[in-house]
Structure formats: C-alpha cells, structure tokens
Amino acid sequence: MLSFLYTFLSLFFLLLPFTAPAAEKTAAEQVTDGQQIDLTHPRYRKLYRELEEKHHFSAAELQDLFAGVTIKRRVLELMDRPWEAKPYYQYAPLFLTAANIETGKKKLAQYRELLDRIEQSLGVDREIIIAIWGIESRYGVSQGKFNVFQVLNTLFAAYPRRSQFFRKQLIHLLLLCRENNVDPHSIYGSYAGAFGQPQFIPSSFREYAVSFDGDKKRDVWNSVPDILASIANYLRRYHWQLDATVYAELGDRLVDERLTAVLKKGRKGRISRQLVQDILKKPLPPSPENRKLSIVALKLDPKKGGGVRYIAGYPNFQAITAWNHSNHYAMAVAELAEAFLK
C-alpha cells in the first residue's frame, strides 16, 4: 500500500506544472532613482561614530555633508555590467581605436621632456603612462559625470556585495577633501567613484597621487605633470621595471595541466618562467629578478575564427593589474602602448 501511495504521489508531482523560482532582484531593482538614503540606519550611525571619534569630524559637519543624500539608480545598474566583463575581442576595440592611438602619439611628442623626467625619476615607461591616461579618461576629455559623493553613498547603502569597500572609499573621500580644501560635493567622476584624469578612487589618490609641477598640490584634474607622474608613481609602487617585458605570447592552446592550473587561479596565479620555457620548449624573455609569471587567456572573435590567445603576464603586466584587476584592462594598456610605437 505504501509503495502504491509513493508511486501515485511521485506521478502526481511530476504532472504538476513547473514554476521556475523567481529571479533574485538586482541591487538596482530594489531601489528607486532619487530615493532618500536612510541616514538613521545602523550602518550610517556606525559610520558617523567612526568619522567623529577617529577622524574628528563634528556632528554638525556630518549633518551638513550628508543632508538630503539620495540613491543614483544608474550607478547600481552599471556596477552589474562592467566593461571588463566583456570578452577581450569586444573589450579591446573600445580603446585600441585609430583616434586613441593617434592622440597618444601626439601626447608622447607634446610631453616628451616631462616624460623624460618622469622616466628618470620614477622608472616607468612613457608609453604605458600615456596608454593608461588614454584608456582612463581619453587624455582628460572624459573624466565622468557622476557626483562621486552620491556614488559612494549609493554603493555603501544599496550595493551589499561591495558595501564595505565603498564605505572605506567614502571615508577616504571626506579625508582627501578636508586635506586639500575641496568641497566633497564638487567632485565628479565615474559610476564606481573614480575621478580626475587618471581616474583614481579616493584611497588611491591619498596613497599614490604626487605633485610633479613644483607647487606641492596634488592636482589630478588639471596639472598634466601631476597626472602623469601620479600614474607612474602608482606603477612604481607595484615594482614596475623600466624597459622590461610586459607579456609574452604562448600560442593558441595550453599544452600542460600545470599551465592550466595557474590559469584557473586567475590574477594571482603564478608560475616560474623557466618552467614555462621547459613546457613549451621555446625561449621566453627574461623576467626581472626572475619573478614568476601569470597565465592569461584572451578570447578571440568567433567571426574571425574564434579560439583563445594565451599569454604570459610578466611582473610589469601584474603591476598594471594592481591598478585595475582585470587582465583585459592590462592587455589593452599593453597593446595600446605598443601601437604608439608603430
């Protein structure tokens, strides 16, 4: 009897119409544009306490700064589909344009003497500096139209996946504005809170921005010497080596599981240059201080045959991924820099 009942119930449930589980709402779908942020929420009360006790903002200052702050829904929409998520054959053409290459060549000529000084002082290749400038803001033309204070509050209040990161950036923004006598509401930049011609996030500005024009003010908005030297200083801090290899081609397939294992570890995967040479049975350029390499896969356009292009990322490549964690970004920088020399 129990066996019959079990069979009957099994058939009954199989015949029920299938209803797919409701898709979880995105961060953007859970808010409305212009929605007032709840400043009484425990997350903001805790933030205020830290700003008052650790960083010595007054309660009156914070009330004035945060009064009326609202959600920018578009920020949340863009955060869930970043450019770097595109396959490389779609991502790279956004930056490796004829206009971007031609402008970059002109900037290299225009600022030749400045770049001489930067290379001598900071030890970072000029073509890479100009390539990052071109990719980040089209050489200063596109610095972003989002209010950075609103962006960081939106991401802190309504983007749970990275709320704590943007909380830290919000604090850094308030500190850098106080240190540089800037109104926090006056800074505009990207949907992720980056600003200025190099598109620094607040913590990066405070850590890496430098003055290179003699006035001691770190101006990443208008001073080309400061902008280019700040880019160089960031890479220098991540052990950039002047005139060293950035990447090497490995072919269209990985022939050994040891290479595949490194690839699967992502940006932080490492393997010795000697081992890669032994596996591929071909020479590779030397690596500074014999430091290890990463393995990167770049998807090729299916309309042009498809497949994958594999490269070895050298320490200089890894320095670029410290700036932006995307291997796609680092490769676009490297290839744009190469294009300046053609």
# chains A, B, ... in the order shown; residues from 1 in each chain; ligands from 1

$ closest_atom_pairs --of "region 203-253 of chain A" --to "region 92-112 of chain A" --cutoff "10 Å" --atoms "only C-alpha atoms" --output "Markdown table"
| residue | atom | partner | partner_atom | distance |
| --- | --- | --- | --- | --- |
| A:Val224 | CA | A:Tyr111 | CA | 8.9 |
| A:Pro225 | CA | A:Tyr111 | CA | 9.0 |
| A:Leu228 | CA | A:Tyr111 | CA | 9.8 |

$ write_last_selection --atoms "C-alpha atoms" --output "PDB file, in the first residue's frame"
ATOM      1  CA  VAL A 224      49.469  67.216 -16.604  1.00  0.00           C
ATOM      2  CA  PRO A 225      52.764  66.800 -14.698  1.00  0.00           C
ATOM      3  CA  LEU A 228      51.292  61.577 -15.494  1.00  0.00           C
TER       4      LEU A 228
END

$ residues_around --residues "Leu263 (chain A)" --least-positions-apart "2" --cutoff "10 Å" --atoms "only C-alpha atoms" --output "tab-separated table (two decimals) with N, CA and C atoms, in the first residue's frame"
chain	number	residue	atom	x	y	z
A	254	LEU	N	46.97	25.66	-24.28
A	254	LEU	CA	47.88	25.33	-23.19
A	254	LEU	C	48.14	23.82	-23.24
A	257	GLU	N	48.90	20.60	-18.02
A	257	GLU	CA	47.97	20.89	-16.93
A	257	GLU	C	48.56	21.86	-15.90
A	258	ARG	N	49.87	21.96	-15.84
A	258	ARG	CA	50.48	22.92	-14.91
A	258	ARG	C	50.20	24.36	-15.34
A	259	LEU	N	50.17	24.60	-16.64
A	259	LEU	CA	49.80	25.92	-17.14
A	259	LEU	C	48.32	26.18	-16.91
A	260	THR	N	47.50	25.17	-17.14
A	260	THR	CA	46.05	25.31	-16.94
A	260	THR	C	45.73	25.59	-15.47
A	261	ALA	N	46.45	24.95	-14.57
A	261	ALA	CA	46.22	25.15	-13.14
A	261	ALA	C	46.50	26.59	-12.73
A	265	LYS	N	43.74	29.83	-11.44
A	265	LYS	CA	43.89	30.62	-10.20
A	265	LYS	C	43.64	32.10	-10.43
A	266	GLY	N	43.52	32.49	-11.71
A	266	GLY	CA	43.19	33.88	-12.02
A	266	GLY	C	44.36	34.81	-11.88
A	267	ARG	N	44.05	36.05	-11.51
A	267	ARG	CA	45.04	37.12	-11.48
A	267	ARG	C	46.23	36.82	-10.59
A	268	LYS	N	46.04	36.02	-9.54
A	268	LYS	CA	47.12	35.77	-8.59
A	268	LYS	C	47.86	34.46	-8.85
A	269	GLY	N	47.48	33.74	-9.89
A	269	GLY	CA	48.20	32.52	-10.24
A	269	GLY	C	49.61	32.85	-10.73
A	270	ARG	N	50.58	32.05	-10.36
A	270	ARG	CA	51.98	32.31	-10.74
A	270	ARG	C	52.69	31.02	-11.10
A	271	ILE	N	53.65	31.14	-12.01
A	271	ILE	CA	54.48	30.01	-12.43
A	271	ILE	C	55.84	30.56	-12.84
A	294	SER	N	52.26	35.15	-14.72
A	294	SER	CA	50.87	34.71	-14.68
A	294	SER	C	50.49	34.18	-16.06
A	295	ILE	N	49.40	33.45	-16.14
A	295	ILE	CA	48.91	32.92	-17.41
A	295	ILE	C	47.54	33.54	-17.68
A	296	VAL	N	47.38	34.08	-18.89
A	296	VAL	CA	46.17	34.82	-19.23
A	296	VAL	C	45.56	34.26	-20.51
A	297	ALA	N	44.23	34.13	-20.52
A	297	ALA	CA	43.51	33.67	-21.71
A	297	ALA	C	42.68	34.82	-22.27
A	310	TYR	N	46.69	32.78	-25.69
A	310	TYR	CA	47.26	32.69	-24.35
A	310	TYR	C	48.55	33.52	-24.28
A	312	ALA	N	51.73	35.02	-21.38
A	312	ALA	CA	52.34	35.04	-20.05
A	312	ALA	C	52.42	36.49	-19.59

$ residues_around --residues "Pro202 (chain A)" --least-positions-apart "3" --cutoff "10 Å" --atoms "only C-alpha atoms" --output "list in words"
Val148, Phe166, Lys168, Gln169, Leu170, Ile171, His172, Leu173, Leu174, Leu175, Leu176, Cys177, Gly193, Ala194, Phe195, Gln199, Phe205, Arg206 and Glu207 of chain A

$ write_last_selection --atoms "C-alpha atoms" --output "mmCIF file, in the first residue's frame"
data_model
loop_
_atom_site.group_PDB
_atom_site.id
_atom_site.type_symbol
_atom_site.label_atom_id
_atom_site.label_comp_id
_atom_site.auth_asym_id
_atom_site.auth_seq_id
_atom_site.Cartn_x
_atom_site.Cartn_y
_atom_site.Cartn_z
ATOM 1 C CA VAL A 148 31.293 60.987 -6.515
ATOM 2 C CA PHE A 166 32.758 51.701 -0.760
ATOM 3 C CA LYS A 168 36.129 52.889 3.089
ATOM 4 C CA GLN A 169 36.212 54.933 -0.102
ATOM 5 C CA LEU A 170 33.602 57.317 1.281
ATOM 6 C CA ILE A 171 35.769 57.926 4.332
ATOM 7 C CA HIS A 172 38.840 58.455 2.142
ATOM 8 C CA LEU A 173 36.883 60.922 0.002
ATOM 9 C CA LEU A 174 35.949 63.018 3.031
ATOM 10 C CA LEU A 175 39.536 62.944 4.286
ATOM 11 C CA LEU A 176 41.137 63.904 0.978
ATOM 12 C CA CYS A 177 38.648 66.744 0.567
ATOM 13 C CA GLY A 193 33.692 56.547 -7.637
ATOM 14 C CA ALA A 194 36.899 57.200 -9.612
ATOM 15 C CA PHE A 195 37.798 60.770 -10.524
ATOM 16 C CA GLN A 199 40.520 58.054 -12.565
ATOM 17 C CA PHE A 205 44.590 59.377 -4.606
ATOM 18 C CA ARG A 206 45.644 59.615 -0.977
ATOM 19 C CA GLU A 207 48.256 56.854 -1.366
#

$ residues_around --residues "region 133-141 of chain A" --least-positions-apart "3" --cutoff "6 Å" --atoms "only C-alpha atoms" --output "list in words"
Ile130, Gln197 and Pro198 of chain A

$ write_last_selection --atoms "N, CA and C atoms" --output "PDB file, in the first residue's frame"
ATOM      1  N   ILE A 130      51.070  56.942 -20.896  1.00  0.00           N
ATOM      2  CA  ILE A 130      50.149  57.599 -21.824  1.00  0.00           C
ATOM      3  C   ILE A 130      48.983  56.673 -22.178  1.00  0.00           C
ATOM      4  N   GLN A 197      41.780  62.881 -14.129  1.00  0.00           N
ATOM      5  CA  GLN A 197      42.228  62.349 -15.409  1.00  0.00           C
ATOM      6  C   GLN A 197      42.816  60.933 -15.318  1.00  0.00           C
ATOM      7  N   PRO A 198      43.436  60.541 -14.201  1.00  0.00           N
ATOM      8  CA  PRO A 198      43.859  59.139 -14.094  1.00  0.00           C
ATOM      9  C   PRO A 198      42.775  58.230 -13.525  1.00  0.00           C
TER      10      PRO A 198
END

$ atom_distance --atom1 "CA of Phe165 (chain A)" --atom2 "CA of Ala85 (chain A)"
19.8 Å

$ select_by_dssp --residues "region 52-273 of chain A" --states "helix (DSSP H, G or I)" --output "ChimeraX atom specification"
/A:52-53,59-66,73-79,83-85,88-94,98-110,112-122,126-137,148-158,160-179,184-186,202-208,224-237,257-264,266-268,273

$ closest_residue --among "A:Glu335, A:Asp183, A:Asp116, A:Asp215" --to "Asn147 (chain A)" --atoms "only C-alpha atoms"
A:Asp183

$ atom_distance --atom1 "CA of Asp301 (chain A)" --atom2 "CA of Tyr89 (chain A)"
5.4 Å
